[in-house]
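Chemist: Sharing query.txt below, compact mmCIF, C-alpha atoms and all ligand atoms:
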# COMPACT_ATOMS: atom_id res chain seq x y z
CA MET A 78 12.47 -14.68 -17.91
CA ILE A 79 15.10 -13.84 -15.31
CA LEU A 80 15.12 -15.80 -12.07
CA SER A 81 16.53 -13.42 -9.49
CA THR A 82 16.73 -12.74 -5.79
CA SER A 83 17.09 -8.97 -6.39
CA VAL A 84 14.28 -6.97 -4.79
CA GLN A 85 15.67 -3.87 -6.54
CA LEU A 86 15.28 -5.48 -9.96
CA ALA A 87 11.74 -6.66 -9.17
CA LYS A 88 10.85 -3.14 -8.01
CA THR A 89 12.12 -1.65 -11.27
CA TYR A 90 9.92 -3.90 -13.38
CA LEU A 91 6.85 -3.30 -11.20
CA GLU A 92 7.29 0.49 -11.28
CA LYS A 93 7.32 0.33 -15.07
CA GLY A 94 3.97 -1.48 -15.07
CA GLY A 95 5.44 -4.95 -15.42
CA VAL A 96 4.15 -8.23 -13.99
CA ILE A 97 6.52 -10.48 -12.05
CA GLY A 98 6.53 -13.85 -10.26
CA LEU A 99 6.31 -13.24 -6.49
CA PRO A 100 7.28 -15.79 -3.83
CA THR A 101 4.98 -16.08 -0.83
CA GLU A 102 4.80 -18.61 1.99
CA THR A 103 1.66 -20.18 0.41
CA VAL A 104 2.16 -20.33 -3.36
CA TYR A 105 3.87 -18.06 -5.91
CA GLY A 106 1.83 -15.12 -7.21
CA LEU A 107 1.73 -13.23 -10.52
CA ALA A 108 2.07 -9.68 -9.22
CA GLY A 109 1.42 -6.16 -10.48
CA ASN A 110 0.67 -2.63 -9.19
CA ILE A 111 -2.91 -2.49 -7.86
CA TRP A 112 -3.37 1.05 -9.22
CA ASP A 113 -2.16 0.20 -12.74
CA GLN A 114 -5.03 -0.93 -14.95
CA GLU A 115 -2.61 -2.04 -17.68
CA ALA A 116 -0.61 -4.20 -15.28
CA ILE A 117 -3.83 -5.84 -14.10
CA ASN A 118 -4.90 -6.47 -17.69
CA LYS A 119 -1.53 -8.16 -18.28
CA ILE A 120 -2.06 -10.45 -15.26
CA PHE A 121 -5.41 -11.61 -16.62
CA ALA A 122 -4.04 -12.07 -20.14
CA ILE A 123 -0.91 -14.00 -19.04
CA LYS A 124 -2.90 -16.24 -16.70
CA GLU A 125 -5.77 -16.62 -19.20
CA ARG A 126 -8.04 -15.89 -16.29
CA PRO A 127 -11.65 -14.83 -16.96
CA LYS A 128 -12.11 -11.11 -16.24
CA ASN A 129 -14.80 -11.57 -13.64
CA HIS A 130 -12.41 -13.23 -11.16
CA PRO A 131 -11.20 -10.86 -8.43
CA LEU A 132 -7.59 -10.68 -7.24
CA ILE A 133 -5.93 -10.64 -3.81
CA ALA A 134 -4.07 -7.46 -2.79
CA HIS A 135 -0.78 -7.99 -0.95
CA VAL A 136 0.42 -5.41 1.57
CA ALA A 137 3.31 -4.89 3.98
CA HIS A 138 1.71 -2.35 6.36
CA TRP A 139 -1.69 -1.72 7.89
CA ASN A 140 -1.79 1.77 6.34
CA GLN A 141 -1.70 0.11 2.92
CA VAL A 142 -4.87 -1.77 3.91
CA GLU A 143 -6.46 1.55 4.74
CA SER A 144 -5.42 2.93 1.35
CA ILE A 145 -7.58 0.36 -0.47
CA ALA A 146 -10.34 -0.62 2.02
CA SER A 147 -12.91 1.25 4.12
CA ASP A 148 -15.33 0.37 6.94
CA ILE A 149 -12.78 -2.16 8.21
CA PRO A 150 -14.36 -4.20 11.03
CA ALA A 151 -12.53 -4.29 14.37
CA MET A 152 -12.50 -8.09 14.00
CA ALA A 153 -10.38 -7.76 10.87
CA GLN A 154 -7.80 -5.75 12.76
CA GLN A 155 -7.72 -8.28 15.61
CA LEU A 156 -7.23 -11.16 13.17
CA ALA A 157 -4.51 -9.25 11.32
CA GLU A 158 -2.68 -8.63 14.60
CA ARG A 159 -2.65 -12.34 15.31
CA PHE A 160 -2.14 -13.86 11.84
CA TRP A 161 -0.30 -11.28 9.71
CA PRO A 162 2.11 -11.62 8.15
CA GLY A 163 0.63 -15.01 7.26
CA PRO A 164 -1.78 -17.10 5.18
CA LEU A 165 -5.06 -15.32 5.97
CA THR A 166 -6.91 -13.31 3.31
CA MET A 167 -9.73 -10.99 4.38
CA ILE A 168 -12.44 -9.64 2.11
CA LEU A 169 -13.10 -5.98 2.93
CA THR A 170 -15.12 -3.13 1.43
CA ALA A 171 -13.05 -1.63 -1.39
CA LYS A 172 -12.40 2.10 -1.64
CA PRO A 173 -14.21 3.38 -4.74
CA ASP A 174 -10.99 4.24 -6.58
CA VAL A 175 -9.61 0.67 -6.46
CA PRO A 176 -9.69 -0.48 -10.11
CA SER A 177 -12.70 -2.67 -10.77
CA ALA A 178 -10.41 -5.00 -12.74
CA ALA A 179 -8.94 -5.98 -9.35
CA THR A 180 -12.28 -6.41 -7.58
CA ALA A 181 -14.24 -7.80 -10.56
CA GLY A 182 -16.69 -5.02 -9.82
CA LEU A 183 -17.80 -6.70 -6.57
CA GLY A 184 -17.14 -3.60 -4.45
CA THR A 185 -14.92 -5.64 -2.15
CA ILE A 186 -11.19 -6.26 -2.10
CA ALA A 187 -9.39 -9.32 -0.75
CA VAL A 188 -6.24 -8.41 1.23
CA ARG A 189 -3.41 -10.24 2.91
CA MET A 190 0.10 -9.63 4.25
CA PRO A 191 2.35 -12.48 3.08
CA GLU A 192 5.00 -13.91 5.38
CA HIS A 193 7.79 -14.52 2.89
CA PRO A 194 10.81 -12.28 3.70
CA LEU A 195 11.48 -11.38 0.04
CA ALA A 196 7.81 -10.53 -0.56
CA LEU A 197 7.73 -8.34 2.55
CA LYS A 198 10.98 -6.63 1.59
CA LEU A 199 9.64 -5.90 -1.89
CA LEU A 200 6.24 -4.70 -0.66
CA SER A 201 7.90 -2.43 1.92
CA ALA A 202 10.04 -0.88 -0.79
CA LEU A 203 7.08 -0.17 -3.10
CA PRO A 204 4.70 2.80 -2.81
CA PHE A 205 1.73 0.62 -3.82
CA PRO A 206 0.19 -2.76 -2.87
CA LEU A 207 0.51 -5.64 -5.33
CA VAL A 208 -2.40 -7.62 -6.67
CA ALA A 209 -1.43 -11.23 -7.27
CA PRO A 210 -3.38 -14.33 -8.17
CA SER A 211 -1.54 -17.63 -7.95
CA ALA A 212 1.05 -17.86 -10.75
CA ASN A 213 -0.49 -20.74 -12.68
CA PRO A 214 -2.45 -20.67 -15.92
CA PHE A 215 -6.16 -20.70 -15.08
CA GLY A 216 -7.20 -24.14 -13.83
CA LYS A 217 -3.66 -25.57 -13.54
CA ILE A 218 -1.70 -26.71 -10.47
CA SER A 219 -0.54 -23.82 -8.27
CA PRO A 220 3.22 -23.12 -8.27
CA THR A 221 5.29 -23.66 -5.13
CA SER A 222 8.74 -22.91 -6.57
CA ALA A 223 10.27 -20.35 -8.93
CA MET A 224 10.93 -23.18 -11.39
CA HIS A 225 7.21 -23.93 -11.55
CA VAL A 226 6.57 -20.30 -12.49
CA PHE A 227 9.40 -20.46 -15.00
CA SER A 228 7.98 -23.50 -16.73
CA TYR A 229 4.51 -21.93 -16.95
CA PHE A 230 5.41 -18.39 -18.04
CA LYS A 231 9.01 -18.29 -19.30
CA GLY A 232 8.34 -16.24 -22.45
CA LYS A 233 5.62 -14.14 -20.88
CA ILE A 234 6.98 -12.30 -17.83
CA PRO A 235 10.36 -10.60 -17.41
CA LEU A 236 11.28 -11.82 -13.92
CA THR A 237 10.43 -14.15 -11.07
CA LEU A 238 11.79 -13.30 -7.66
CA ASP A 239 13.26 -16.60 -6.51
CA GLY A 240 12.34 -17.22 -2.89
CA GLY A 241 12.88 -20.97 -2.89
CA ASN A 242 10.19 -23.52 -2.11
CA CYS A 243 6.99 -22.23 -0.49
CA LYS A 244 6.98 -23.14 3.20
CA ILE A 245 3.23 -23.80 3.45
CA GLY A 246 2.44 -24.85 -0.12
CA LEU A 247 -1.35 -24.33 0.04
CA GLU A 248 -3.30 -21.17 -0.77
CA SER A 249 -4.33 -18.82 2.05
CA THR A 250 -7.54 -19.19 4.04
CA ILE A 251 -10.10 -16.65 2.72
CA ILE A 252 -12.63 -15.09 5.07
CA GLY A 253 -15.21 -12.34 4.95
CA PHE A 254 -17.38 -10.55 7.52
CA LYS A 255 -21.17 -10.73 7.48
CA ASP A 256 -23.55 -9.40 10.17
CA ASN A 257 -20.88 -9.62 12.90
CA ALA A 258 -20.00 -13.18 11.89
CA VAL A 259 -16.88 -14.49 10.15
CA VAL A 260 -17.47 -16.50 6.97
CA ILE A 261 -14.79 -18.90 5.70
CA TYR A 262 -14.89 -19.02 1.89
CA ARG A 263 -11.71 -20.97 1.21
CA GLN A 264 -10.02 -23.35 3.64
CA GLY A 265 -6.29 -23.13 4.25
CA VAL A 266 -3.88 -23.82 7.10
CA ILE A 267 -5.51 -21.20 9.32
CA SER A 268 -8.56 -23.06 10.60
CA LYS A 269 -11.92 -22.16 12.09
CA ASP A 270 -10.53 -23.02 15.55
CA ASP A 271 -7.58 -20.67 15.02
CA ILE A 272 -10.04 -17.86 14.23
CA LEU A 273 -12.22 -18.73 17.22
CA GLU A 274 -9.20 -18.47 19.48
CA VAL A 275 -8.90 -14.79 18.57
CA LEU A 276 -12.67 -14.15 18.43
CA PRO A 277 -14.17 -16.58 20.98
CA ASN A 278 -17.60 -14.94 21.08
CA THR A 279 -18.08 -14.67 17.35
CA ALA A 280 -20.04 -16.93 15.01
CA VAL A 281 -17.65 -18.47 12.48
CA TYR A 282 -19.11 -20.53 9.67
CA TYR A 283 -18.13 -22.03 6.31
CA ASP A 284 -19.58 -20.94 3.01
CA ILE A 285 -17.43 -22.95 0.64
CA ASP A 286 -20.20 -23.73 -1.83
CA SER A 287 -21.09 -20.11 -2.42
CA GLN A 288 -17.40 -19.60 -3.12
CA ASN A 289 -17.72 -22.20 -5.84
CA ASN A 290 -20.18 -19.90 -7.53
CA TYR A 291 -18.11 -16.88 -6.67
CA PRO A 292 -16.17 -15.49 -9.54
CA GLY A 293 -12.75 -17.03 -9.11
CA SER A 294 -13.48 -20.42 -7.65
CA HIS A 295 -14.38 -23.45 -9.63
CA ARG A 296 -14.94 -27.05 -8.65
CA SER A 297 -12.19 -28.07 -11.00
CA HIS A 298 -8.99 -26.30 -10.06
CA TYR A 299 -5.30 -26.98 -9.70
CA ALA A 300 -5.73 -29.75 -12.26
CA PRO A 301 -2.87 -31.89 -13.58
CA LYS A 302 -2.96 -33.15 -17.20
CA THR A 303 -2.75 -36.75 -16.00
CA PRO A 304 -5.99 -38.13 -14.54
CA LEU A 305 -5.84 -38.11 -10.74
CA ILE A 306 -7.66 -40.91 -8.92
CA ILE A 307 -8.56 -40.42 -5.28
CA THR A 308 -9.11 -43.58 -3.30
CA GLU A 309 -9.91 -44.88 0.15
CA SER A 310 -8.34 -48.20 -0.68
CA LEU A 311 -4.98 -48.18 -2.36
CA GLU A 312 -5.05 -51.98 -2.77
CA GLU A 313 -8.31 -52.02 -4.72
CA THR A 314 -7.37 -49.14 -6.97
CA LEU A 315 -3.95 -50.53 -7.79
CA GLU A 316 -5.52 -53.87 -8.74
CA LYS A 317 -7.81 -52.07 -11.17
CA TYR A 318 -4.97 -50.37 -12.98
CA THR A 319 -2.36 -53.15 -13.21
CA ASP A 320 -1.83 -52.55 -16.94
CA GLN A 321 -1.27 -48.79 -16.49
CA LYS A 322 1.75 -46.68 -15.68
CA ILE A 323 0.85 -45.48 -12.19
CA GLY A 324 2.28 -42.60 -10.18
CA LEU A 325 1.51 -42.64 -6.46
CA LEU A 326 1.27 -39.67 -4.11
CA SER A 327 2.03 -41.40 -0.85
CA LEU A 328 1.39 -40.31 2.71
CA GLY A 329 3.54 -42.57 4.87
CA THR A 330 5.56 -45.36 3.30
CA LYS A 331 2.74 -47.72 2.32
CA GLY A 332 3.42 -47.43 -1.40
CA GLU A 333 6.75 -49.25 -1.05
CA ASN A 334 4.88 -52.56 -0.86
CA PHE A 335 3.33 -52.38 -4.32
CA SER A 336 5.40 -53.53 -7.26
CA THR A 337 2.98 -52.23 -9.92
CA ILE A 338 3.72 -48.58 -9.23
CA ALA A 339 6.01 -46.85 -11.73
CA GLU A 340 6.75 -43.72 -9.68
CA ILE A 341 6.22 -42.84 -6.01
CA ARG A 342 6.46 -39.40 -4.43
CA TYR A 343 6.37 -39.30 -0.65
CA LEU A 344 4.31 -36.42 0.76
CA SER A 345 5.57 -37.18 4.24
CA LYS A 346 7.14 -40.45 5.27
CA THR A 347 6.25 -39.70 8.89
CA ASN A 348 2.58 -38.89 8.17
CA ASP A 349 3.13 -35.23 9.04
CA LEU A 350 0.27 -33.37 7.34
CA LYS A 351 2.05 -30.00 7.39
CA GLU A 352 4.96 -31.55 5.55
CA ALA A 353 2.49 -33.24 3.17
CA ALA A 354 0.82 -29.87 2.48
CA SER A 355 4.12 -28.23 1.61
CA ASN A 356 4.90 -31.05 -0.84
CA LEU A 357 1.47 -31.65 -2.40
CA TYR A 358 1.59 -29.31 -5.40
CA ALA A 359 5.31 -29.84 -6.06
CA HIS A 360 4.84 -33.62 -6.16
CA LEU A 361 1.73 -33.31 -8.32
CA HIS A 362 3.72 -31.10 -10.73
CA GLU A 363 6.48 -33.68 -10.86
CA LEU A 364 4.28 -36.73 -11.37
CA ASP A 365 2.32 -34.80 -14.00
CA SER A 366 5.52 -34.27 -16.02
CA LEU A 367 6.42 -37.98 -16.21
CA ASN A 368 3.93 -39.13 -18.88
CA LEU A 369 2.14 -41.52 -16.57
CA ASP A 370 -1.30 -42.98 -17.33
CA VAL A 371 -2.77 -42.15 -13.95
CA ILE A 372 -1.82 -40.56 -10.64
CA VAL A 373 -3.28 -42.24 -7.55
CA ALA A 374 -3.67 -40.59 -4.14
CA GLU A 375 -5.23 -41.88 -0.96
CA LEU A 376 -7.64 -39.68 0.97
CA PHE A 377 -6.02 -37.96 3.95
CA PRO A 378 -7.20 -38.53 7.53
CA THR A 379 -10.09 -36.23 8.40
CA SER A 380 -8.36 -33.74 10.69
CA ASP A 381 -8.70 -30.00 9.93
CA LEU A 382 -5.66 -29.94 7.69
CA GLY A 383 -6.50 -33.39 6.27
CA MET A 384 -9.86 -32.03 5.10
CA VAL A 385 -8.18 -29.06 3.42
CA LEU A 386 -5.82 -31.43 1.63
CA ASN A 387 -8.74 -33.64 0.57
CA ASP A 388 -10.51 -30.58 -0.84
CA LYS A 389 -7.42 -29.77 -2.95
CA LEU A 390 -7.23 -33.39 -4.17
CA ILE A 391 -10.90 -33.42 -5.11
CA ARG A 392 -10.55 -30.20 -7.07
CA ALA A 393 -7.43 -31.50 -8.81
CA SER A 394 -9.20 -34.70 -9.80
CA SER A 395 -12.37 -33.06 -11.09
CA GLN A 396 -12.66 -33.46 -14.81
CA PHE A 397 -15.47 -30.93 -15.14
CA VAL A 398 -15.37 -27.16 -14.74
O1 LIG B 401 -2.27 -17.87 -0.91
C1 LIG B 401 -2.85 -17.11 -1.70
O2 LIG B 401 -3.92 -16.55 -1.42
C2 LIG B 401 -2.21 -16.88 -3.07
C3 LIG B 401 -0.93 -16.07 -2.89
C4 LIG B 401 -0.29 -15.66 -4.19
O3 LIG B 401 -1.18 -14.96 -2.08
N1 LIG B 401 -3.11 -16.23 -3.97
C5 LIG B 401 -4.20 -16.85 -4.50
O4 LIG B 401 -4.90 -16.07 -5.41
O5 LIG B 401 -4.53 -17.97 -4.20
P1 LIG B 401 -5.98 -16.65 -6.43
O6 LIG B 401 -6.28 -15.53 -7.35
O7 LIG B 401 -5.49 -17.89 -7.06
O8 LIG B 401 -7.22 -16.92 -5.56
C6 LIG B 401 -7.98 -15.84 -5.14
C7 LIG B 401 -9.28 -16.26 -4.60
C8 LIG B 401 -10.26 -16.55 -5.70
O9 LIG B 401 -10.86 -17.80 -5.46
C9 LIG B 401 -11.28 -15.45 -5.60
O10 LIG B 401 -12.56 -15.88 -5.84
C10 LIG B 401 -11.15 -14.99 -4.16
O11 LIG B 401 -9.79 -15.18 -3.85
N2 LIG B 401 -11.41 -13.55 -4.07
C11 LIG B 401 -10.59 -12.55 -4.38
N3 LIG B 401 -11.19 -11.37 -4.21
C12 LIG B 401 -12.44 -11.63 -3.77
C13 LIG B 401 -13.56 -10.83 -3.42
N4 LIG B 401 -13.51 -9.51 -3.49
N5 LIG B 401 -14.67 -11.46 -3.00
C14 LIG B 401 -14.72 -12.81 -2.94
N6 LIG B 401 -13.71 -13.63 -3.27
C15 LIG B 401 -12.57 -13.04 -3.68
MG MG B 402 -5.38 -19.75 -7.76
Show how you would write the structure in this file as structure tokens.

Modeler:
Amino acid sequence: MILSTSVQLAKTYLEKGGVIGLPTETVYGLAGNIWDQEAINKIFAIKERPKNHPLIAHVAHWNQVESIASDIPAMAQQLAERFWPGPLTMILTAKPDVPSAATAGLGTIAVRMPEHPLALKLLSALPFPLVAPSANPFGKISPTSAMHVFSYFKGKIPLTLDGGNCKIGLESTIIGFKDNAVVIYRQGVISKDDILEVLPNTAVYYDIDSQNNYPGSHRSHYAPKTPLIITESLEETLEKYTDQKIGLLSLGTKGENFSTIAEIRYLSKTNDLKEAASNLYAHLHELDSLNLDVIVAELFPTSDLGMVLNDKLIRASSQFV
């Protein structure tokens, strides 16, 4: 695999039906031409993703949304005006000619406009939108750097466009529209309150559990190989595992006081949850590569973003699918 910052090179591979690693502000994607059935098949094969899991389409212009979706609610346009480019994915009615491999036959297509400058430059240069799931093997930790993609897929894709570390580091918020209401299916940095600011008179509710049954979302997700223990009390947990090689994901500097910890990674020394979000997957990747016995993480405070981070931790620690 080539790591490159050349949009021209990426374009060449995509036009030939290839699949490439795509940087976005959330996580890296595994991208291909939405109209190319073969490219989509490759994405599923490389990722070892079950076929009934739909993909997110990435666009650079509103007219590309209109090329793949119909009956677009006015609310969707208002939200796009406020949050695009950015980490908001909207589920819309798919045009009938959108390959069912991309929609998993659901009749809907998820769409977003990513904020990363290289992704936008590439998408603007292409005559087609790109479908891209996160660039991790099914069920593994999402990638937030080109090196993560490299270590997962080095013999399997020709190129990853290297856009550095992902600024946000958590997957996009996913919403849909139902009977004039907005439904949040996956939480991300764009919160319910952010949506209500744009649509103050609209009902906005969560339907996370139905998303768990949705093709594409499982309780266990983003999982490291090393068992991840989530705790409310660092002291108690560390006492339990004194004979183990422990890696700690630390918010703040608390971990410095414990001598039994083999490795510490600081999510944010100043307790900044945005900074913690941008580091979460990268630090999990790193701790997971160190042959530790367990990784320990404390629950985050229960603010909006704290709850999103807790959801990611819980999924990463789940040992069942
Ligand atoms: O931040 C992101 O969204 C990243 C970057 C690469 O854009 N992409 C990403 O894709 O997280 P992926 O494939 O890992 O997650 C897509 C999620 C799945 O949970 C899937 O169920 C949901 O989007 N999804 C996609 N299309 C859908 C549809 N038509 N209806 C319901 N859910 C859909
Ligand atoms: Mg994913």

Chemist: Smallest atom-to-atom distance to ligand LIG 401 (chain B): which of A:His130, A:Lys351, A:Arg159, A:Arg342, using all atoms listed in the file?

Modeler: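 Nearest candidate to ligand LIG 401 (chain B) out of A:His130, A:Lys351, A:Arg159, A:Arg342: A:His130.
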
Chemist: In Å, with one decimal, what is the gap from CA of Leu305 (chain A) to CA of Leu165 (chain A)?

Modeler: 28.3 Å

Chemist: When you count all atoms listed in the file, which of these residues is closest to ligand LIG 401 (chain B): A:Ile117, A:Val175, A:Leu197, A:Val104?

Modeler: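 Of the candidates, the smallest distance to ligand LIG 401 (chain B) is held by A:Val104.
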
Chemist: Using all atoms of ligand LIG 401 (chain B) listed in the file and a margin of 3 Å per side, can you give the axis-aligned box centre and edge lengths in Å to one decimal, as JSON?

Modeler:
{"center_x": -7.5, "center_y": -13.7, "center_z": -4.1, "size_x": 20.4, "size_y": 14.5, "size_z": 12.4}

Chemist: Could you check the closest approach to ligand MG 402 (chain B) for each of A:Ser81, A:Asn110, A:Ser201, A:Ser211 and tell me which residue wins, using only C-alpha atoms and all ligand atoms?

Modeler: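 Among the listed residues, A:Ser211 lies closest to ligand MG 402 (chain B).
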
Chemist: Considering all atoms listed in the file, state which residue in the set A:Lys119, A:Lys93, A:His225, A:Arg263 is at the smallest distance from ligand LIG 401 (chain B).

Modeler: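 The shortest atom-to-atom distance to ligand LIG 401 (chain B) comes from A:Arg263.
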
Chemist: Kindly compile the residues surrounding ligand LIG 401 (chain B) within 8 Å, counting only C-alpha atoms and all ligand atoms, and format them as a PyMOL selection string.

Modeler: chain A and resi 99-107+130-133+135+164-166+168-169+179-181+183-189+191+209-212+219+247-251+253+262-263+288+291-295

Chemist: Select, from A:Glu125, A:Asp256, A:Asp320, A:Glu375, the residue with the minimum atom-to-atom distance to ligand MG 402 (chain B), counting only C-alpha atoms and all ligand atoms.

Modeler: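 Among A:Glu125, A:Asp256, A:Asp320, A:Glu375, it is A:Glu125 that comes nearest to ligand MG 402 (chain B).
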
Chemist: Which distance in Å separates CA of Ile306 (chain A) and CA of Tyr318 (chain A), to one decimal?

Modeler: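 If I compute the distance from CA of Ile306 (chain A) to CA of Tyr318 (chain A), I get 10.6 Å.
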
Chemist: Using only C-alpha atoms and a cutoff of 7 Å, can you tell me which residues are near (7.2, -45.1, -8.7) in the file's coordinates, and write them out as a ChimeraX atom specification?

Modeler: /A:324-325,338-341

Chemist: Please list as number ranges by chain every residue within 10 Å of Glu115 (chain A), counting all atoms listed in the file and excluding residues in the same chain fewer than 6 positions away.

Modeler: A: 94-96, 109, 178

Chemist: In Å, with one decimal, what is the gap from CA of Ile307 (chain A) to CA of Ile391 (chain A)?

Modeler: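 Between CA of Ile307 (chain A) and CA of Ile391 (chain A) the gap is 7.4 Å.
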
Chemist: Show me, as a list in words, the residues that have an atom within 10 Å of Glu309 (chain A) when counting only C-alpha atoms, minus same-chain residues fewer than 6 positions from it.

Modeler: Ala374, Glu375, Leu376 and Phe377 of chain A

Chemist: Would you list the contacts of Thr330 (chain A) as a list in words, taking every protein, DNA or RNA residue within 7 Å and counting only C-alpha atoms, but skipping same-chain residues closer than 3 positions in sequence?

Modeler: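 Here the answer would be Ser327, Glu333 and Lys346 of chain A.
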
Chemist: Let's have the selection written as an mmCIF file, in the coordinates of the input, with C-alpha atoms.

Modeler:
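Result went into out.cif, see below:
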data_model
loop_
_atom_site.group_PDB
_atom_site.id
_atom_site.type_symbol
_atom_site.label_atom_id
_atom_site.label_comp_id
_atom_site.auth_asym_id
_atom_site.auth_seq_id
_atom_site.Cartn_x
_atom_site.Cartn_y
_atom_site.Cartn_z
ATOM 1 C CA SER A 327 2.030 -41.400 -0.850
ATOM 2 C CA GLU A 333 6.750 -49.250 -1.050
ATOM 3 C CA LYS A 346 7.140 -40.450 5.270
#

Chemist: Missing atoms in region 186-208 of chain A: fill them in up to N, CA and C atoms and send the result as a compact mmCIF listing (two decimals), in the frame of the given file.

Modeler:
# COMPACT_ATOMS: atom_id res chain seq x y z
N ILE A 186 -12.56 -5.91 -1.72
CA ILE A 186 -11.19 -6.26 -2.10
C ILE A 186 -10.62 -7.26 -1.08
N ALA A 187 -10.03 -8.31 -1.60
CA ALA A 187 -9.39 -9.32 -0.75
C ALA A 187 -7.97 -8.84 -0.44
N VAL A 188 -7.56 -8.94 0.83
CA VAL A 188 -6.24 -8.41 1.23
C VAL A 188 -5.51 -9.40 2.13
N ARG A 189 -4.21 -9.52 1.92
CA ARG A 189 -3.41 -10.24 2.91
C ARG A 189 -1.98 -9.72 2.96
N MET A 190 -1.30 -9.99 4.08
CA MET A 190 0.10 -9.63 4.25
C MET A 190 0.89 -10.93 4.25
N PRO A 191 1.64 -11.19 3.17
CA PRO A 191 2.35 -12.48 3.08
C PRO A 191 3.53 -12.53 4.04
N GLU A 192 3.94 -13.76 4.37
CA GLU A 192 5.00 -13.91 5.38
C GLU A 192 6.39 -14.07 4.78
N HIS A 193 6.47 -14.26 3.48
CA HIS A 193 7.79 -14.52 2.89
C HIS A 193 8.69 -13.28 3.00
N PRO A 194 9.94 -13.45 3.50
CA PRO A 194 10.81 -12.28 3.70
C PRO A 194 11.06 -11.47 2.43
N LEU A 195 11.23 -12.14 1.28
CA LEU A 195 11.48 -11.38 0.04
C LEU A 195 10.23 -10.59 -0.37
N ALA A 196 9.05 -11.22 -0.21
CA ALA A 196 7.81 -10.53 -0.56
C ALA A 196 7.63 -9.30 0.33
N LEU A 197 7.90 -9.46 1.62
CA LEU A 197 7.73 -8.34 2.55
C LEU A 197 8.73 -7.23 2.25
N LYS A 198 9.95 -7.63 1.90
CA LYS A 198 10.98 -6.63 1.59
C LYS A 198 10.57 -5.84 0.34
N LEU A 199 10.07 -6.56 -0.65
CA LEU A 199 9.64 -5.90 -1.89
C LEU A 199 8.45 -4.98 -1.62
N LEU A 200 7.44 -5.50 -0.92
CA LEU A 200 6.24 -4.70 -0.66
C LEU A 200 6.57 -3.46 0.17
N SER A 201 7.51 -3.59 1.09
CA SER A 201 7.90 -2.43 1.92
C SER A 201 8.61 -1.38 1.09
N ALA A 202 9.28 -1.83 0.03
CA ALA A 202 10.04 -0.88 -0.79
C ALA A 202 9.17 -0.19 -1.83
N LEU A 203 7.95 -0.70 -2.04
CA LEU A 203 7.08 -0.17 -3.10
C LEU A 203 6.07 0.83 -2.52
N PRO A 204 5.71 1.85 -3.29
CA PRO A 204 4.70 2.80 -2.81
C PRO A 204 3.28 2.35 -3.12
N PHE A 205 3.09 1.10 -3.52
CA PHE A 205 1.73 0.62 -3.82
C PHE A 205 1.61 -0.86 -3.45
N PRO A 206 0.40 -1.32 -3.08
CA PRO A 206 0.19 -2.76 -2.87
C PRO A 206 0.26 -3.52 -4.21
N LEU A 207 0.47 -4.81 -4.12
CA LEU A 207 0.51 -5.64 -5.33
C LEU A 207 -0.71 -6.56 -5.37
N VAL A 208 -1.38 -6.58 -6.50
CA VAL A 208 -2.40 -7.62 -6.67
C VAL A 208 -1.73 -8.84 -7.27
